[in-house]
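Shown next: final06.cif, containing mmCIF, C-alpha atoms.
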```cif
data_work
#
loop_
_atom_site.label_atom_id
_atom_site.label_comp_id
_atom_site.auth_asym_id
_atom_site.auth_seq_id
_atom_site.Cartn_x
_atom_site.Cartn_y
_atom_site.Cartn_z
CA MET A 24 0.46 6.46 -5.31
CA ALA A 25 -2.46 4.62 -3.71
CA GLY A 26 -2.82 2.66 -6.94
CA PHE A 27 0.64 1.22 -6.52
CA ASP A 28 -0.01 0.07 -2.97
CA ASP A 29 -3.34 -1.47 -3.81
CA GLU A 30 -2.03 -3.28 -6.80
CA LEU A 31 0.96 -4.62 -4.92
CA VAL A 32 -1.20 -5.79 -2.02
CA GLY A 33 -3.48 -7.48 -4.53
CA LEU A 34 -0.51 -9.39 -5.93
CA LEU A 35 0.66 -10.69 -2.56
CA PRO A 36 -1.10 -14.07 -2.74
CA ARG A 37 0.50 -14.79 -6.10
CA LEU A 38 3.87 -13.54 -4.92
CA ARG A 39 3.66 -15.83 -1.90
CA ARG A 40 2.90 -18.74 -4.14
CA PHE A 41 5.70 -17.94 -6.56
CA ALA A 42 8.13 -17.53 -3.66
CA ARG A 43 7.19 -20.93 -2.30
CA ALA A 44 7.59 -22.55 -5.69
CA LEU A 45 11.07 -21.06 -6.06
CA SER A 46 12.31 -21.60 -2.52
CA ARG A 47 13.23 -24.83 -0.86
CA ASP A 48 11.38 -24.20 2.35
CA ALA A 49 8.74 -21.99 3.89
CA ALA A 50 11.16 -19.78 5.84
CA ASP A 51 13.17 -19.04 2.71
CA ALA A 52 9.96 -18.28 0.87
CA ASP A 53 8.91 -15.76 3.51
CA ASP A 54 12.31 -14.11 3.41
CA LEU A 55 12.24 -13.99 -0.35
CA CYS A 56 8.79 -12.48 -0.46
CA GLN A 57 9.65 -9.83 2.07
CA ALA A 58 12.90 -8.95 0.30
CA ALA A 59 11.15 -8.69 -3.06
CA VAL A 60 8.41 -6.47 -1.69
CA GLU A 61 10.95 -4.21 -0.03
CA LYS A 62 12.86 -3.98 -3.28
CA ALA A 63 9.69 -3.10 -5.12
CA LEU A 64 8.85 -0.39 -2.60
CA GLY A 65 12.33 1.03 -2.99
CA ALA A 66 12.05 0.94 -6.76
CA ARG A 67 8.44 2.03 -7.04
CA ALA A 68 9.47 5.10 -8.97
CA GLN A 69 10.69 2.77 -11.70
CA TRP A 70 7.34 1.14 -12.12
CA GLN A 71 5.36 2.68 -14.92
CA PRO A 72 1.66 2.91 -14.22
CA GLY A 73 -0.34 1.21 -16.90
CA THR A 74 2.19 -1.57 -17.36
CA ARG A 75 1.76 -4.99 -15.83
CA MET A 76 2.82 -5.05 -12.25
CA ASP A 77 2.66 -8.82 -12.02
CA SER A 78 5.40 -9.26 -14.62
CA TRP A 79 7.42 -6.52 -12.94
CA MET A 80 7.08 -8.17 -9.54
CA TYR A 81 7.83 -11.68 -10.81
CA ARG A 82 10.99 -10.29 -12.31
CA ILE A 83 12.00 -8.54 -9.11
CA MET A 84 11.32 -11.65 -7.10
CA ARG A 85 13.21 -13.87 -9.46
CA ASN A 86 16.23 -11.56 -9.44
CA THR A 87 16.13 -11.42 -5.66
CA TRP A 88 15.97 -15.18 -5.52
CA ILE A 89 18.97 -15.50 -7.84
CA ASP A 90 20.97 -13.07 -5.72
CA LYS A 91 20.12 -14.97 -2.56
CA THR A 92 20.89 -18.31 -4.12
CA ARG A 93 24.24 -17.11 -5.40
CA ALA A 94 25.14 -15.55 -2.08
CA ARG A 95 24.25 -18.77 -0.33
CA SER A 96 26.26 -20.99 -2.63
CA ARG A 97 29.23 -18.66 -2.27
CA ALA A 98 28.90 -18.85 1.47
CA ALA A 99 28.61 -22.62 1.30
CA GLN A 100 31.78 -22.84 -0.72
CA THR A 101 33.66 -20.45 1.50
CA PHE A 102 32.68 -21.89 4.84
CA VAL A 103 32.82 -25.60 4.26
CA HIS A 104 32.80 -27.47 7.53
CA GLU A 105 35.52 -30.01 8.04
CA ASP A 106 33.02 -32.80 8.44
CA ALA A 107 31.24 -31.64 5.32
CA GLY A 108 34.09 -33.10 3.31
CA LEU A 109 31.78 -36.01 2.75
CA GLY A 110 29.97 -34.01 0.12
CA VAL A 111 29.19 -30.35 -0.16
CA GLY A 112 26.02 -30.97 -2.09
CA ASP A 113 24.51 -33.07 0.67
CA ALA A 114 23.48 -30.31 3.01
CA GLY A 115 20.50 -29.29 0.93
CA ASP A 116 19.28 -32.84 0.44
CA ARG A 117 19.55 -33.69 4.11
CA ALA A 118 17.62 -30.58 4.97
CA ILE A 119 14.97 -31.52 2.50
CA GLU A 120 14.63 -35.01 3.90
CA ALA A 121 14.34 -33.59 7.37
CA ARG A 122 11.34 -31.54 6.38
CA VAL A 123 8.82 -34.31 6.32
CA GLU A 124 5.98 -31.83 6.43
CA LEU A 125 6.71 -30.84 2.87
CA GLY A 126 4.39 -32.38 0.41
CA ARG A 127 5.58 -34.81 -2.22
CA VAL A 128 5.20 -32.32 -5.02
CA GLU A 129 7.01 -29.58 -3.14
CA ARG A 130 9.86 -31.92 -2.35
CA ALA A 131 10.12 -32.88 -5.98
CA MET A 132 10.15 -29.21 -6.99
CA ALA A 133 12.89 -28.49 -4.50
CA GLN A 134 15.13 -31.00 -6.20
CA LEU A 135 14.89 -29.49 -9.65
CA PRO A 136 17.82 -27.46 -10.91
CA ASP A 137 17.10 -23.74 -10.48
CA GLU A 138 16.65 -23.07 -14.20
CA GLN A 139 14.05 -25.76 -14.53
CA ARG A 140 12.33 -24.86 -11.29
CA GLU A 141 11.79 -21.25 -12.26
CA ALA A 142 10.38 -22.28 -15.63
CA VAL A 143 8.01 -24.77 -14.01
CA ALA A 144 7.04 -22.24 -11.34
CA LEU A 145 6.15 -19.56 -13.86
CA VAL A 146 4.28 -21.74 -16.32
CA LEU A 147 2.71 -24.50 -14.26
CA VAL A 148 2.25 -22.82 -10.91
CA GLU A 149 1.70 -19.21 -11.94
CA GLY A 150 0.03 -20.05 -15.22
CA LEU A 151 2.07 -17.78 -17.49
CA ALA A 152 2.08 -18.43 -21.21
CA TYR A 153 5.37 -19.73 -22.60
CA LYS A 154 6.01 -16.43 -24.31
CA GLU A 155 5.48 -14.42 -21.12
CA ALA A 156 7.73 -16.74 -19.16
CA ALA A 157 10.46 -16.59 -21.80
CA GLU A 158 10.36 -12.79 -21.80
CA LEU A 159 10.45 -12.64 -18.05
CA LEU A 160 13.46 -14.94 -17.89
CA ASP A 161 15.14 -13.23 -20.85
CA VAL A 162 15.59 -16.47 -22.73
CA PRO A 163 14.46 -17.56 -26.19
CA MET A 164 11.28 -19.61 -26.45
CA GLY A 165 13.26 -22.72 -27.37
CA THR A 166 15.31 -22.46 -24.19
CA LEU A 167 12.20 -22.00 -22.10
CA THR A 168 10.42 -24.99 -23.59
CA SER A 169 13.44 -27.25 -23.27
CA ARG A 170 13.89 -26.30 -19.60
CA LEU A 171 10.22 -26.78 -19.06
CA VAL A 172 10.07 -30.19 -20.66
CA ARG A 173 13.13 -31.39 -18.74
CA GLY A 174 11.75 -30.06 -15.49
CA ARG A 175 8.46 -31.77 -16.09
CA GLN A 176 10.02 -35.06 -17.01
CA ALA A 177 12.07 -34.94 -13.83
CA LEU A 178 9.02 -34.12 -11.74
CA LEU A 179 6.98 -36.87 -13.33
CA ALA A 180 9.77 -39.33 -12.74
CA MET A 181 10.09 -38.31 -9.08
CA LEU A 182 6.36 -38.51 -8.60
CA GLY A 183 6.31 -41.93 -10.14
CA GLU A 184 4.62 -41.04 -13.36
CA ALA A 185 6.34 -41.39 -16.66
CA ALA A 186 5.67 -39.04 -19.52
CA MET B 1 3.89 -37.40 -37.64
CA THR B 2 5.07 -38.53 -34.22
CA PRO B 3 5.08 -35.55 -31.88
CA ASP B 4 8.04 -35.32 -29.52
CA ASP B 5 7.68 -34.72 -25.83
CA GLU B 6 8.09 -30.98 -26.17
CA MET B 7 5.23 -30.84 -28.60
CA LEU B 8 3.03 -33.04 -26.44
CA MET B 9 3.73 -30.77 -23.50
CA ALA B 10 2.87 -27.68 -25.52
CA TYR B 11 -0.29 -29.40 -26.68
CA ALA B 12 -1.26 -30.23 -23.11
CA ASP B 13 -0.66 -26.58 -22.18
CA GLY B 14 -2.70 -25.26 -25.08
CA GLU B 15 0.35 -23.54 -26.54
CA LEU B 16 0.21 -24.94 -30.06
CA ASP B 17 -1.26 -23.16 -33.05
CA ALA B 18 -4.51 -24.62 -34.35
CA LEU B 19 -2.96 -26.47 -37.26
CA THR B 20 -0.24 -28.17 -35.22
CA ALA B 21 -2.69 -28.95 -32.46
CA LYS B 22 -4.88 -30.75 -34.99
CA ARG B 23 -1.98 -32.87 -36.11
CA VAL B 24 -1.02 -33.77 -32.57
CA GLU B 25 -4.62 -34.64 -31.87
CA ARG B 26 -4.64 -37.03 -34.77
CA ALA B 27 -1.41 -38.66 -33.63
CA ILE B 28 -2.78 -39.06 -30.10
CA ALA B 29 -5.94 -40.65 -31.36
CA GLU B 30 -3.86 -43.35 -33.00
CA ASP B 31 -1.41 -43.92 -30.15
CA PRO B 32 -2.60 -44.52 -26.58
CA GLU B 33 0.95 -44.07 -25.32
CA LEU B 34 1.00 -40.49 -26.56
CA ALA B 35 -2.40 -39.90 -25.04
CA ALA B 36 -1.11 -41.13 -21.69
CA LYS B 37 1.81 -38.71 -21.86
CA VAL B 38 -0.49 -35.78 -22.52
CA ALA B 39 -2.67 -36.86 -19.63
CA ALA B 40 0.38 -37.05 -17.37
CA HIS B 41 1.39 -33.52 -18.31
CA ARG B 42 -2.07 -32.26 -17.49
CA ARG B 43 -2.15 -34.15 -14.22
CA LEU B 44 1.18 -32.64 -13.25
CA ARG B 45 -0.19 -29.17 -13.81
CA SER B 46 -3.14 -29.80 -11.52
CA ASP B 47 -0.88 -31.51 -8.95
CA LEU B 48 1.31 -28.43 -8.88
CA ALA B 49 -1.68 -26.13 -8.58
CA ALA B 50 -2.86 -28.18 -5.61
CA ALA B 51 0.58 -28.21 -3.99
CA PHE B 52 0.97 -24.44 -4.30
CA PRO B 53 -2.42 -22.96 -3.52
CA LEU B 54 -3.05 -19.24 -3.29
CA ALA B 55 -2.93 -18.09 0.29
CA GLY B 56 -6.06 -16.54 1.69
CA GLY B 57 -6.46 -14.06 4.48
CA ARG B 58 -4.62 -10.91 5.28
CA ASP B 59 -0.96 -10.94 4.40
CA PRO B 60 1.42 -9.51 7.01
CA LEU B 61 3.31 -7.75 4.21
CA GLU B 62 0.24 -5.65 3.49
CA ALA B 63 1.05 -3.49 6.50
CA VAL B 64 4.62 -3.09 5.25
CA ILE B 65 3.38 -1.90 1.89
CA ARG B 66 0.76 0.45 3.28
CA SER B 67 3.14 2.05 5.74
CA ALA B 68 5.97 2.57 3.26
CA PRO B 69 6.72 6.26 2.90
CA ALA B 70 5.72 7.77 -0.38
CA PRO B 71 8.88 8.49 -2.31
CA ILE B 72 9.97 11.83 -3.65
CA ALA B 73 8.76 11.70 -7.18
CA ARG B 74 12.00 11.15 -8.99
CA ARG B 75 10.37 9.99 -12.15
CA ARG B 76 7.90 12.74 -12.74
CA PRO B 77 9.79 15.19 -14.84
CA PRO B 78 9.76 18.03 -15.30
CA ILE B 79 9.66 19.10 -11.72
CA TRP B 80 8.32 22.46 -12.80
CA ARG B 81 5.09 20.88 -13.89
CA GLN B 82 4.49 18.98 -10.72
CA PRO B 83 1.87 19.86 -8.21
CA TRP B 84 3.58 21.72 -5.48
CA LEU B 85 5.05 19.43 -2.94
CA GLN B 86 5.43 21.45 0.16
CA ALA B 87 5.64 20.04 3.60
CA ALA B 88 8.38 17.51 3.01
CA ALA B 89 10.48 19.92 1.02
CA MET B 90 10.09 22.65 3.59
CA ALA B 91 11.05 20.31 6.35
CA ALA B 92 14.18 19.46 4.47
CA CYS B 93 15.27 23.07 4.43
CA LEU B 94 16.98 23.92 7.63
CA VAL B 95 16.24 27.00 9.61
CA ILE B 96 18.53 29.80 8.64
CA GLY B 97 20.21 30.24 11.99
CA VAL B 98 21.06 26.60 12.24
CA SER B 99 22.32 26.02 8.78
CA VAL B 100 24.26 29.15 8.12
CA GLY B 101 26.17 28.74 11.30
CA SER B 102 28.09 31.16 13.40
CA ASN B 103 30.52 32.37 10.80
CA TRP B 104 28.04 33.80 8.38
CA ARG B 105 29.26 37.32 8.89
CA ALA B 106 32.57 36.44 7.39
CA GLY B 107 31.09 34.47 4.54
CA PRO B 108 29.00 35.14 1.55
CA ILE B 109 26.04 36.31 3.56
CA ALA B 110 25.43 39.69 5.13
CA THR B 111 22.48 41.58 6.49
CA ASP B 112 20.93 44.69 5.04
CA ARG B 113 19.65 47.59 7.11
CA SER B 114 16.34 45.90 7.76
CA GLY B 115 18.13 42.88 9.11
CA ALA B 116 17.25 40.65 6.18
CA LEU B 117 19.89 38.27 4.94
CA VAL B 118 21.43 39.22 1.64
CA ALA B 119 24.13 37.72 -0.50
CA SER B 120 27.54 39.32 -0.46
CA GLY B 121 31.02 38.57 -1.72
CA THR B 122 31.44 35.53 -3.90
CA LEU B 123 27.84 34.49 -3.58
CA ALA B 124 26.58 37.87 -4.71
CA ARG B 125 28.99 37.78 -7.62
CA ALA B 126 27.84 34.32 -8.62
CA LEU B 127 24.22 35.38 -8.44
CA ASP B 128 24.98 38.46 -10.52
CA ASN B 129 27.08 36.86 -13.18
CA GLN B 130 26.71 33.14 -13.41
CA LEU B 131 24.23 31.49 -15.71
CA ALA B 132 22.41 28.38 -14.62
CA LEU B 133 24.48 25.22 -14.57
CA GLU B 134 27.76 26.99 -15.30
CA ALA B 135 30.61 25.56 -13.31
CA GLY B 136 31.77 27.51 -10.32
CA GLU B 137 32.25 27.38 -6.61
CA THR B 138 28.59 28.19 -6.36
CA ARG B 139 26.29 26.60 -8.85
CA ILE B 140 23.13 28.31 -10.04
CA VAL B 141 20.56 25.59 -10.31
CA VAL B 142 17.77 27.54 -11.91
CA SER B 143 16.40 31.06 -12.33
CA PHE B 144 12.79 32.16 -12.27
CA ARG B 145 10.42 35.03 -11.60
CA ASN B 146 8.46 35.06 -8.40
CA THR B 147 4.88 36.19 -8.06
CA GLN B 148 6.03 39.76 -7.37
CA GLY B 149 7.85 39.74 -10.68
CA SER B 150 11.33 39.74 -9.14
CA TYR B 151 14.07 37.53 -10.42
CA CYS B 152 15.03 34.69 -8.13
CA ARG B 153 17.79 32.13 -8.38
CA VAL B 154 18.27 28.78 -6.71
CA PHE B 155 21.92 28.28 -5.84
CA ALA B 156 24.00 25.45 -4.45
CA GLY B 157 27.29 26.21 -2.80
CA ALA B 158 29.85 24.61 -0.58
CA ALA B 159 28.49 26.12 2.61
CA THR B 160 24.98 27.09 1.75
CA ASP B 161 22.22 26.21 -0.63
CA GLY B 162 19.39 28.59 -1.04
CA ILE B 163 17.09 30.77 -2.99
CA ALA B 164 17.87 34.41 -3.52
CA CYS B 165 15.47 36.98 -4.92
CA ARG B 166 16.48 40.35 -6.32
CA THR B 167 15.06 42.96 -3.98
CA ALA B 168 16.04 46.63 -3.87
CA GLY B 169 19.26 46.06 -5.74
CA GLN B 170 20.42 43.15 -3.63
CA TRP B 171 20.02 39.41 -3.58
CA ARG B 172 17.84 38.77 -0.59
CA LEU B 173 18.07 35.22 0.70
CA VAL B 174 14.57 33.95 1.05
CA ARG B 175 15.58 30.43 1.87
CA THR B 176 18.80 28.74 2.84
CA GLY B 177 19.92 25.28 3.77
CA ALA B 178 23.13 23.45 4.51
CA GLY B 179 25.37 23.34 1.47
CA SER B 180 25.10 20.33 -0.73
CA ALA B 181 28.84 20.16 -1.12
CA THR B 182 29.72 20.33 2.54
CA ALA B 183 32.79 18.63 3.87
CA ARG B 184 30.80 17.02 6.62
CA GLY B 185 31.38 13.34 7.00
CA ASP B 186 27.84 12.23 6.54
CA TYR B 187 26.66 10.93 3.26
CA ARG B 188 24.44 13.17 1.32
CA GLN B 189 22.60 11.98 -1.67
CA ALA B 190 23.57 13.92 -4.74
CA GLY B 191 20.95 16.37 -5.71
CA SER B 192 18.76 15.91 -2.65
CA ALA B 193 19.44 19.42 -1.41
CA ASP B 194 18.83 20.80 -4.88
CA MET B 195 15.61 18.90 -4.91
CA ALA B 196 14.40 20.37 -1.66
CA MET B 197 15.25 23.86 -2.88
CA LEU B 198 13.63 23.24 -6.22
CA GLU B 199 10.48 22.17 -4.54
CA ALA B 200 10.50 25.29 -2.42
CA ALA B 201 11.19 27.38 -5.51
CA GLN B 202 8.27 25.82 -7.21
CA GLY B 203 6.00 27.29 -4.60
CA MET B 204 7.33 30.78 -5.26
CA MET B 205 7.37 30.66 -8.99
CA ALA B 206 5.17 32.61 -11.35
CA GLY B 207 5.13 30.81 -14.67
CA ASP B 208 8.02 28.70 -15.86
CA ARG B 209 11.68 28.70 -15.06
CA LEU B 210 13.74 31.03 -17.24
CA ASP B 211 15.27 29.45 -20.28
CA ALA B 212 18.85 30.22 -21.20
CA GLU B 213 17.90 33.15 -23.38
CA GLN B 214 15.64 34.77 -20.81
CA GLU B 215 18.26 34.26 -18.17
CA ALA B 216 20.96 35.90 -20.25
CA ARG B 217 18.69 38.85 -20.95
CA ALA B 218 17.85 39.23 -17.28
CA ARG B 219 21.54 39.30 -16.44
CA GLN B 220 22.11 41.96 -19.08
CA GLU B 221 19.39 44.06 -17.51
CA GLY B 222 20.95 43.72 -14.09
CA TRP B 223 18.21 41.44 -12.80
CA GLU B 224 15.75 44.33 -12.77
CA PRO B 225 12.49 43.52 -14.48
CA ALA B 226 11.96 45.76 -17.50
CA LYS B 227 9.88 48.78 -16.60
CA SER B 228 7.21 47.93 -19.13
CA GLU B 229 6.41 44.64 -17.44
CA ARG B 230 6.69 45.83 -13.88
CA ARG B 231 3.43 45.56 -12.04
#
```
Would you mind writing the file's structure down as structure tokens?
Amino acid sequence: MAGFDDELVGLLPRLRRFARALSRDAADADDLCQAAVEKALGARAQWQPGTRMDSWMYRIMRNTWIDKTRARSRAAQTFVHEDAGLGVGDAGDRAIEARVELGRVERAMAQLPDEQREAVALVLVEGLAYKEAAELLDVPMGTLTSRLVRGRQALLAMLGEAA
Amino acid sequence: MTPDDEMLMAYADGELDALTAKRVERAIAEDPELAAKVAAHRRLRSDLAAAFPLAGGRDPLEAVIRSAPAPIARRRPPIWRQPWLQAAAMAACLVIGVSVGSNWRAGPIATDRSGALVASGTLARALDNQLALEAGETRIVVSFRNTQGSYCRVFAGAATDGIACRTAGQWRLVRTGAGSATARGDYRQAGSADMAMLEAAQGMMAGDRLDAEQEARARQEGWEPAKSERR
């Protein structure tokens, strides 16, 4: 299975990039990437040689990301601090503001709703065609394009450019 | 035609068919505002590319990938066609003395005069009578002929898994391992013991496994190879 290893190693730079585009900070991105690679190694028997490993890996990473995000929001709802009564949704924003090292574009990405962020990440960061992205996300083309256009409008607005 | 934002975006991304792209092009040429929107979409794409560059250098996960153990090939059916996987499978089979335990004399295993382990009692009966995959206390996983032409059967029981080959009128146990249906507390993946035995069997096998018909005929003949085909 040397082919599998080589191909997966070859995908690492793109997986890193996709993980960073999905995650809200670098530590989360590292965790996500590691978790996705481990999942792929565990499920390598399910990968069919000759098919596209990049699509397979994007899918694994995206599913891992969704699981992590859900787990985190459950935890956030379950363990709300007393002094967090001010607003549960604030924690993320405060954390984002604290990370001044993040670039403008990354910060803007981090504020997009998840559905828009994954569409933007796949098409604009990873360079997938609309059709590929729609298949990967299991949504119709129309859904993909509407998420994409909303995500872009939001990004342009945050970056001070109107479209 | 005034293209909407979705169409302008698709145009900027090169996602429109030629005809629609032409129309959008014409609309843009007449309306600087539309042209500015397309330019903004394109700029955003290059901004994002710049913000999320591809990492260079050696990735620490490479070592994780390269050192991951190769899996048992679950998805390469049929197992009978696989190249023989030996070492791992052999290692999985426990040494007879360890796995059979101290009470083997009372159980389904006995010794013949030469000291070789042979099946007795319920195990011998199962090996004599049961067809592969029939339900029973002991399950016969598969039957085959070894390179000497003898009939052999892979079995899985509560106490012992193994491979028995018909030798001098008895089922000689050529390989045994801890039973796959043991009452021990530890978790045992379903089929993993079978798998180890199957892999071992594969190394002994001459030709293919017996199909149901061949197996039934072999049982009828008392597991003795017909004289005409005996070597």
Return as JSON lines the residues of chain B lying at most 8 Å from chain A, together with the closest atom-to-atom pair for each and the distance in Å to one decimal, counting all atoms listed in the file, with rows in chain order and ascending residue number.
```
{"residue": "B:Asp5", "atom": "CA", "partner": "A:Val172", "partner_atom": "CA", "distance": 7.3}
{"residue": "B:Glu6", "atom": "CA", "partner": "A:Val172", "partner_atom": "CA", "distance": 5.9}
{"residue": "B:Met9", "atom": "CA", "partner": "A:Val172", "partner_atom": "CA", "distance": 7.0}
{"residue": "B:Glu15", "atom": "CA", "partner": "A:Tyr153", "partner_atom": "CA", "distance": 7.4}
{"residue": "B:Ala36", "atom": "CA", "partner": "A:Ala186", "partner_atom": "CA", "distance": 7.4}
{"residue": "B:Lys37", "atom": "CA", "partner": "A:Ala186", "partner_atom": "CA", "distance": 4.5}
{"residue": "B:Val38", "atom": "CA", "partner": "A:Ala186", "partner_atom": "CA", "distance": 7.6}
{"residue": "B:Ala40", "atom": "CA", "partner": "A:Ala186", "partner_atom": "CA", "distance": 6.0}
{"residue": "B:His41", "atom": "CA", "partner": "A:Ala186", "partner_atom": "CA", "distance": 7.1}
{"residue": "B:Leu44", "atom": "CA", "partner": "A:Leu179", "partner_atom": "CA", "distance": 7.2}
{"residue": "B:Arg45", "atom": "CA", "partner": "A:Leu147", "partner_atom": "CA", "distance": 5.5}
{"residue": "B:Asp47", "atom": "CA", "partner": "A:Val128", "partner_atom": "CA", "distance": 7.3}
{"residue": "B:Leu48", "atom": "CA", "partner": "A:Val148", "partner_atom": "CA", "distance": 6.0}
{"residue": "B:Ala49", "atom": "CA", "partner": "A:Val148", "partner_atom": "CA", "distance": 5.6}
{"residue": "B:Ala51", "atom": "CA", "partner": "A:Val128", "partner_atom": "CA", "distance": 6.3}
{"residue": "B:Phe52", "atom": "CA", "partner": "A:Arg40", "partner_atom": "CA", "distance": 6.0}
{"residue": "B:Pro53", "atom": "CA", "partner": "A:Arg40", "partner_atom": "CA", "distance": 6.8}
{"residue": "B:Leu54", "atom": "CA", "partner": "A:Pro36", "partner_atom": "CA", "distance": 5.6}
{"residue": "B:Ala55", "atom": "CA", "partner": "A:Pro36", "partner_atom": "CA", "distance": 5.4}
{"residue": "B:Gly56", "atom": "CA", "partner": "A:Pro36", "partner_atom": "CA", "distance": 7.1}
{"residue": "B:Asp59", "atom": "CA", "partner": "A:Leu35", "partner_atom": "CA", "distance": 7.2}
{"residue": "B:Leu61", "atom": "CA", "partner": "A:Gln57", "partner_atom": "CA", "distance": 7.0}
{"residue": "B:Glu62", "atom": "CA", "partner": "A:Val32", "partner_atom": "CA", "distance": 5.7}
{"residue": "B:Ile65", "atom": "CA", "partner": "A:Asp28", "partner_atom": "CA", "distance": 6.2}
{"residue": "B:Arg66", "atom": "CA", "partner": "A:Asp28", "partner_atom": "CA", "distance": 6.3}
{"residue": "B:Ala68", "atom": "CA", "partner": "A:Leu64", "partner_atom": "CA", "distance": 7.2}
{"residue": "B:Ala70", "atom": "CA", "partner": "A:Met24", "partner_atom": "CA", "distance": 7.3}
{"residue": "B:Pro71", "atom": "CA", "partner": "A:Ala68", "partner_atom": "CA", "distance": 7.5}
{"residue": "B:Ala73", "atom": "CA", "partner": "A:Ala68", "partner_atom": "CA", "distance": 6.9}
{"residue": "B:Arg74", "atom": "CA", "partner": "A:Ala68", "partner_atom": "CA", "distance": 6.6}
{"residue": "B:Arg75", "atom": "CA", "partner": "A:Ala68", "partner_atom": "CA", "distance": 5.9}
```
Quick one: distance from CA of Asp77 (chain A) to CA of Glu158 (chain A) in Å, one decimal?
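Straight-line distance from CA of Asp77 (chain A) to CA of Glu158 (chain A) works out to 13.1 Å.
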Show me, as JSON, numbers by chain, the residues that have an atom within 9 Å of Glu215 (chain B) when counting all atoms listed in the file, minus same-chain residues fewer than 3 positions from it.
{"B": [131, 132, 143, 144, 210, 211, 212, 218, 219, 220, 223]}
Enter the distance from CA of Ser46 (chain B) to CA of Leu135 (chain A), in Å, rounded to one decimal.
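One can read the CA of Ser46 (chain B) to CA of Leu135 (chain A) distance as 18.1 Å.
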